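Shown below: run-v6.txt, with compact mmCIF, C-alpha atoms.
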# COMPACT_ATOMS: atom_id res chain seq x y z
CA MET A 1 -4.27 16.02 -3.42
CA SER A 2 -4.22 12.63 -1.71
CA HIS A 3 -2.39 9.58 -3.04
CA GLY A 4 -5.71 7.72 -3.28
CA VAL A 5 -7.27 10.32 -5.55
CA LEU A 6 -4.22 10.27 -7.83
CA SER A 7 -4.39 6.48 -8.04
CA VAL A 8 -8.08 6.57 -8.99
CA ARG A 9 -7.41 9.13 -11.72
CA ARG A 10 -4.46 7.13 -13.03
CA VAL A 11 -6.57 3.96 -13.23
CA SER A 12 -9.37 5.88 -14.98
CA ALA A 13 -6.90 7.30 -17.52
CA ASN A 14 -5.48 3.81 -18.15
CA LYS A 15 -8.96 2.39 -18.72
CA MET A 16 -9.72 5.14 -21.23
CA THR A 17 -6.43 4.54 -23.04
CA ILE A 18 -7.10 0.80 -23.27
CA THR A 19 -10.66 1.40 -24.49
CA PHE A 20 -9.48 3.83 -27.16
CA ALA A 21 -6.71 1.44 -28.21
CA LEU A 22 -9.22 -1.40 -28.66
CA LEU A 23 -11.57 0.82 -30.69
CA ALA A 24 -8.62 2.00 -32.79
CA LEU A 25 -7.59 -1.61 -33.38
CA VAL A 26 -11.05 -2.42 -34.74
CA ILE A 27 -10.94 0.35 -37.35
CA MET A 28 -7.32 -0.49 -38.26
CA LEU A 29 -8.30 -4.13 -38.85
CA PHE A 30 -11.30 -2.95 -40.87
CA VAL A 31 -8.92 -1.07 -43.20
CA PHE A 32 -6.05 -3.56 -43.20
CA LEU A 33 -7.77 -6.95 -43.52
CA PRO A 34 -9.48 -6.42 -46.93
CA LEU A 35 -6.24 -5.09 -48.40
CA ALA A 36 -4.15 -7.92 -46.96
CA LYS A 37 -6.68 -10.55 -47.99
CA THR A 38 -6.74 -9.25 -51.57
CA ILE A 39 -2.96 -9.09 -51.84
CA PHE A 40 -2.22 -12.51 -50.32
CA SER A 41 -5.06 -14.28 -52.10
CA SER A 42 -3.00 -14.12 -55.29
CA SER A 43 0.26 -16.03 -55.54
CA PRO A 44 3.45 -14.26 -56.70
CA THR A 45 3.14 -16.24 -59.95
CA MET A 46 -0.37 -14.89 -60.57
CA LEU A 47 0.78 -11.34 -59.82
CA PHE A 48 3.74 -11.72 -62.17
CA ASP A 49 1.51 -13.10 -64.92
CA SER A 50 -0.81 -10.13 -64.49
CA LEU A 51 2.14 -7.79 -64.71
CA LEU A 52 3.15 -9.41 -68.00
CA ASP A 53 -0.29 -8.67 -69.44
CA ASP A 54 0.14 -5.67 -71.75
CA LYS A 55 -3.40 -4.49 -71.08
CA VAL A 56 -2.92 -4.57 -67.32
CA ARG A 57 0.45 -2.81 -67.51
CA GLY A 58 -0.97 -0.19 -69.84
CA ALA A 59 -3.98 0.47 -67.60
CA ILE A 60 -1.84 0.89 -64.48
CA TRP A 61 0.59 3.16 -66.28
CA LEU A 62 -2.28 5.21 -67.69
CA SER A 63 -3.72 5.61 -64.19
CA LEU A 64 -0.39 6.80 -62.78
CA TYR A 65 0.28 9.10 -65.72
CA THR A 66 -3.14 10.76 -65.92
CA ALA A 67 -3.30 11.21 -62.14
CA LEU A 68 0.09 12.92 -62.31
CA LEU A 69 -1.10 15.22 -65.12
CA ALA A 70 -4.22 16.08 -63.10
CA THR A 71 -2.04 16.86 -60.08
CA VAL A 72 0.26 19.14 -62.08
CA VAL A 73 -2.71 21.05 -63.51
CA GLY A 74 -4.26 21.19 -60.04
CA ALA A 75 -1.05 22.61 -58.56
CA ILE A 76 -0.77 25.32 -61.22
CA PHE A 77 -4.31 26.59 -60.64
CA GLY A 78 -4.99 25.39 -57.09
CA ILE A 79 -1.96 26.73 -55.20
CA PRO A 80 -2.74 30.40 -56.07
CA LEU A 81 -6.33 29.88 -54.93
CA ALA A 82 -5.12 28.29 -51.69
CA TYR A 83 -2.85 31.28 -51.05
CA ILE A 84 -5.69 33.75 -51.63
CA LEU A 85 -7.97 31.83 -49.25
CA ALA A 86 -5.22 31.71 -46.61
CA ARG A 87 -4.21 35.37 -46.80
CA PHE A 88 -7.27 37.42 -47.76
CA ASP A 89 -10.78 37.96 -46.45
CA PHE A 90 -13.43 38.89 -49.01
CA PRO A 91 -17.21 38.67 -49.41
CA GLY A 92 -18.28 35.15 -50.25
CA LYS A 93 -15.06 33.53 -49.02
CA ARG A 94 -16.93 30.85 -47.05
CA THR A 95 -19.02 30.10 -50.11
CA VAL A 96 -15.91 29.65 -52.22
CA GLU A 97 -14.38 27.32 -49.62
CA GLY A 98 -17.61 25.33 -49.56
CA LEU A 99 -17.75 25.05 -53.33
CA ILE A 100 -14.18 23.76 -53.43
CA ASP A 101 -15.17 20.82 -51.23
CA VAL A 102 -18.35 19.97 -53.16
CA PRO A 103 -16.62 17.34 -55.38
CA ILE A 104 -15.88 15.34 -52.23
CA VAL A 105 -19.51 15.02 -51.20
CA ILE A 106 -21.39 14.53 -54.48
CA PRO A 107 -21.62 11.05 -56.08
CA HIS A 108 -18.83 10.79 -58.60
CA THR A 109 -21.05 9.37 -61.30
CA ALA A 110 -23.02 12.62 -60.92
CA ALA A 111 -19.73 14.50 -61.21
CA GLY A 112 -19.06 12.68 -64.48
CA ILE A 113 -22.47 13.69 -65.82
CA ALA A 114 -21.83 17.30 -64.77
CA LEU A 115 -18.48 17.31 -66.58
CA LEU A 116 -20.10 15.76 -69.64
CA PHE A 117 -22.58 18.65 -69.78
CA VAL A 118 -19.68 21.10 -69.99
CA PHE A 119 -16.94 19.22 -71.85
CA GLY A 120 -19.06 16.95 -74.05
CA ARG A 121 -18.76 17.30 -77.80
CA ASN A 122 -22.08 19.14 -78.11
CA PHE A 123 -21.50 21.64 -75.32
CA LEU A 124 -19.71 24.99 -75.12
CA ALA A 125 -16.35 24.06 -73.60
CA GLY A 126 -16.25 20.78 -75.52
CA LYS A 127 -16.84 22.58 -78.83
CA ALA A 128 -14.24 25.24 -78.01
CA PHE A 129 -11.53 22.73 -77.15
CA ASN A 130 -12.45 20.61 -80.14
CA LEU A 131 -11.43 23.53 -82.38
CA ILE A 132 -7.84 23.11 -81.16
CA GLY A 133 -7.97 19.33 -81.41
CA ILE A 134 -8.72 18.44 -77.78
CA ASN A 135 -11.59 16.04 -77.17
CA PHE A 136 -12.62 15.02 -73.64
CA VAL A 137 -14.97 12.12 -74.37
CA ASP A 138 -13.24 8.72 -74.35
CA SER A 139 -9.79 10.28 -74.30
CA VAL A 140 -6.81 10.83 -72.02
CA ALA A 141 -7.85 14.48 -71.62
CA GLY A 142 -11.23 13.33 -70.34
CA ILE A 143 -9.61 11.05 -67.78
CA VAL A 144 -7.42 13.93 -66.58
CA ILE A 145 -10.27 16.39 -66.03
CA ALA A 146 -12.37 13.72 -64.31
CA MET A 147 -9.51 13.00 -61.90
CA LEU A 148 -8.84 16.72 -61.50
CA PHE A 149 -12.43 17.48 -60.58
CA VAL A 150 -12.77 14.88 -57.83
CA SER A 151 -9.29 15.29 -56.31
CA ILE A 152 -8.51 19.03 -56.40
CA PRO A 153 -10.08 19.75 -52.96
CA PHE A 154 -7.37 17.67 -51.27
CA LEU A 155 -4.61 19.84 -52.73
CA ILE A 156 -6.30 23.19 -52.14
CA ASP A 157 -7.28 22.44 -48.54
CA SER A 158 -3.83 21.13 -47.61
CA ALA A 159 -2.00 24.02 -49.32
CA LYS A 160 -4.32 26.53 -47.66
CA GLU A 161 -3.47 25.16 -44.22
CA GLY A 162 0.21 25.27 -45.12
CA PHE A 163 0.06 28.95 -46.10
CA LYS A 164 -1.93 29.76 -42.95
CA ALA A 165 0.90 28.28 -40.88
CA VAL A 166 3.42 30.70 -42.44
CA ASP A 167 3.88 33.75 -40.23
CA VAL A 168 2.59 36.80 -42.10
CA ARG A 169 5.27 38.90 -40.42
CA LEU A 170 7.94 37.08 -42.40
CA GLU A 171 6.25 38.09 -45.64
CA LYS A 172 5.97 41.69 -44.43
CA VAL A 173 9.65 41.80 -43.48
CA SER A 174 10.53 40.48 -46.93
CA ARG A 175 8.51 43.25 -48.54
CA THR A 176 10.08 45.96 -46.36
CA LEU A 177 13.52 44.70 -47.42
CA GLY A 178 12.61 45.41 -51.02
CA ALA A 179 11.37 42.06 -52.28
CA SER A 180 8.48 42.10 -54.74
CA PRO A 181 5.27 40.17 -54.04
CA TRP A 182 6.42 37.47 -56.48
CA GLN A 183 9.85 37.21 -54.81
CA THR A 184 8.23 37.03 -51.37
CA PHE A 185 5.90 34.27 -52.49
CA PHE A 186 8.57 32.11 -54.12
CA ARG A 187 11.30 32.74 -51.53
CA ILE A 188 9.29 32.85 -48.31
CA SER A 189 5.71 31.62 -48.53
CA LEU A 190 6.12 28.67 -50.89
CA PRO A 191 9.28 27.21 -49.30
CA LEU A 192 7.78 27.40 -45.81
CA ALA A 193 4.50 25.81 -46.90
CA TRP A 194 6.08 23.19 -49.17
CA ARG A 195 5.47 20.23 -46.85
CA SER A 196 1.70 20.80 -46.73
CA ILE A 197 1.62 21.48 -50.47
CA LEU A 198 3.50 18.26 -51.22
CA ALA A 199 1.20 16.30 -48.90
CA GLY A 200 -1.79 17.77 -50.74
CA ASN A 201 -0.26 16.82 -54.07
CA VAL A 202 0.30 13.25 -52.87
CA MET A 203 -3.30 12.97 -51.67
CA MET A 204 -4.59 14.45 -54.92
CA TRP A 205 -2.51 12.05 -57.00
CA ALA A 206 -3.64 9.08 -54.93
CA ARG A 207 -7.30 10.12 -55.13
CA GLY A 208 -7.00 10.54 -58.88
CA ILE A 209 -5.67 7.01 -59.33
CA SER A 210 -8.58 5.55 -57.38
CA GLU A 211 -11.30 7.45 -59.26
CA PHE A 212 -13.90 5.33 -61.01
CA GLY A 213 -17.33 6.97 -61.34
CA ALA A 214 -16.47 10.24 -63.07
CA VAL A 215 -13.92 8.56 -65.36
CA MET A 216 -16.43 5.85 -66.30
CA ILE A 217 -19.00 8.42 -67.42
CA LEU A 218 -16.65 10.74 -69.27
CA ALA A 219 -13.92 8.47 -70.62
CA TYR A 220 -14.55 4.72 -70.31
CA HIS A 221 -11.89 4.25 -72.96
CA PRO A 222 -8.91 4.11 -72.86
CA MET A 223 -9.29 2.04 -69.68
CA VAL A 224 -7.51 3.15 -66.53
CA ALA A 225 -6.79 0.47 -63.93
CA SER A 226 -9.94 1.01 -61.86
CA ILE A 227 -12.13 0.65 -64.95
CA LEU A 228 -10.26 -2.44 -66.15
CA VAL A 229 -10.63 -4.16 -62.76
CA ALA A 230 -14.39 -3.51 -62.79
CA ASP A 231 -14.65 -4.60 -66.44
CA ARG A 232 -12.87 -7.89 -65.77
CA PHE A 233 -14.93 -8.52 -62.65
CA GLU A 234 -18.16 -7.96 -64.58
CA GLU A 235 -17.09 -10.03 -67.57
CA TYR A 236 -15.20 -12.91 -65.97
CA GLY A 237 -15.84 -12.83 -62.21
CA LEU A 238 -13.83 -12.44 -59.03
CA ASP A 239 -11.03 -14.91 -59.74
CA TYR A 240 -10.05 -13.17 -62.97
CA ALA A 241 -10.18 -9.64 -61.49
CA ARG A 242 -8.44 -10.49 -58.22
CA PRO A 243 -4.78 -10.60 -59.39
CA MET A 244 -5.05 -7.23 -61.10
CA ALA A 245 -6.76 -5.69 -58.06
CA ALA A 246 -3.95 -7.03 -55.85
CA LEU A 247 -1.29 -5.72 -58.23
CA LEU A 248 -2.90 -2.27 -58.33
CA ILE A 249 -3.12 -2.14 -54.53
CA LEU A 250 0.55 -3.09 -54.22
CA VAL A 251 1.71 -0.49 -56.75
CA CYS A 252 -0.35 2.25 -55.09
CA LEU A 253 0.79 1.29 -51.59
CA VAL A 254 4.48 1.31 -52.49
CA ILE A 255 4.36 4.65 -54.30
CA PHE A 256 1.97 6.30 -51.84
CA ILE A 257 3.92 5.24 -48.75
CA GLY A 258 7.16 6.36 -50.36
CA LEU A 259 5.80 9.78 -51.27
CA ARG A 260 4.20 10.24 -47.84
CA ALA A 261 7.46 9.33 -46.14
CA PHE A 262 9.29 11.90 -48.26
CA ALA A 263 6.66 14.57 -47.59
CA TYR A 264 6.91 14.14 -43.83
CA SER A 265 10.64 13.38 -43.63
CA GLY A 266 12.31 15.45 -40.94
CA GLU A 267 9.00 16.46 -39.38
CA LYS A 268 8.78 16.08 -35.63
CA THR A 269 6.18 13.56 -34.46

Can you dump the structure from the file as structure tokens?
Amino acid sequence: MSHGVLSVRRVSANKMTITFALLALVIMLFVFLPLAKTIFSSSPTMLFDSLLDDKVRGAIWLSLYTALLATVVGAIFGIPLAYILARFDFPGKRTVEGLIDVPIVIPHTAAGIALLFVFGRNFLAGKAFNLIGINFVDSVAGIVIAMLFVSIPFLIDSAKEGFKAVDVRLEKVSRTLGASPWQTFFRISLPLAWRSILAGNVMMWARGISEFGAVMILAYHPMVASILVADRFEEYGLDYARPMAALLILVCLVIFIGLRAFAYSGEKT
């Protein structure tokens, strides 16, 4: 191949790289600028004053706490499902995988209505849980199941990919050496897939914190942070809602970046 042809190809590759970099810069600015503008539009004094507000602090803490509860429940029930989907073929598997992702694509206010028709006080599951003192309407339990419903696909999909990446032969060797299925799962499969599972948990937790529509329908009170921001914006306008929005973004960014860094620590890039 001549030197001229190589030069032409190198120039073409450089042009493509520059074009892609410029397009990537546009989308990065699209994501970054609104966040930066919101954060820096409030002075440190305004942010500190918002943090001193008991209602604001309580709403942020409630968001973090309920999202964590939803993630724990999701892990208990979602990880086994992810393992089954990664390891077994069965009739209707594609349908199951499709149903898992449905909460991502439907409007979340519609998701809240759907949950209300199952867990509302006058419906079957709502009545059953009410017998043991658990009510889902305007309660912490309602916030948890709303967050769980809209965020569980992130955990299941990530954990499924993690289990798929585990070599089946390692599990078979474990079994031939006398390990039970439970021992194989907890000593081989789970440890090798932990990074993907943790990443899925982080994404599920983050998605739960940001949920608004389903929570609003099912449990407007007590107010999580997303509901309180919207409530203050509606009642008092942008200037009053802005410091709390900035504070919530900062809290989520710090925790989310920290957890992501831990999840991917030691991974080759």

Would you kindly return, as a compact mmCIF listing (two decimals) with C-alpha atoms, in the coordinates of the input, each protein, DNA or RNA residue with an atom no farther than 10 Å from any atom of Leu248 in chain A, considering all atoms listed in the file and excluding same-chain residues fewer than 3 positions away?
# COMPACT_ATOMS: atom_id res chain seq x y z
CA ILE A 39 -2.96 -9.09 -51.84
CA LEU A 47 0.78 -11.34 -59.82
CA LEU A 51 2.14 -7.79 -64.71
CA VAL A 56 -2.92 -4.57 -67.32
CA ARG A 57 0.45 -2.81 -67.51
CA ALA A 59 -3.98 0.47 -67.60
CA ILE A 60 -1.84 0.89 -64.48
CA SER A 63 -3.72 5.61 -64.19
CA ILE A 209 -5.67 7.01 -59.33
CA SER A 210 -8.58 5.55 -57.38
CA ALA A 225 -6.79 0.47 -63.93
CA SER A 226 -9.94 1.01 -61.86
CA VAL A 229 -10.63 -4.16 -62.76
CA ARG A 242 -8.44 -10.49 -58.22
CA PRO A 243 -4.78 -10.60 -59.39
CA MET A 244 -5.05 -7.23 -61.10
CA ALA A 245 -6.76 -5.69 -58.06
CA VAL A 251 1.71 -0.49 -56.75
CA CYS A 252 -0.35 2.25 -55.09
CA LEU A 253 0.79 1.29 -51.59

Can you measure CA of Trp194 in chain A to CA of Tyr264 in chain A for me? One decimal in Å is fine.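 Going from CA of Trp194 in chain A over to CA of Tyr264 in chain A covers 10.5 Å.
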
To one decimal in Å, tell me the separation between CA of Leu35 in chain A and CA of Ala246 in chain A.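 For CA of Leu35 in chain A relative to CA of Ala246 in chain A, the distance reads 8.0 Å.
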
Compare A:Ser196, A:Ser265, A:Thr38, A:Thr66 by their minimum atom-to-atom distance to Gly142 in chain A, counting only C-alpha atoms, and give me the closest one.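 Closest to Gly142 in chain A of all the choices is A:Thr66.
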
Between A:Ile84, A:Ala159, A:Ala67, A:Ala193, which has the minimum distance to Ala146 in chain A (counting all atoms listed in the file)? A:Ala67

Tell me which protein, DNA and RNA residues are within 12 Å of Phe119 in chain A, counting all atoms listed in the file, leaving out same-chain ones fewer than 2 positions away, and put them as a PyMOL selection string. chain A and resi 111-117+121-130+134-139+141-143+145-146+217-219

Point-to-point distance in Å for CA of Ala110 in chain A and CA of Arg232 in chain A: 23.4 Å
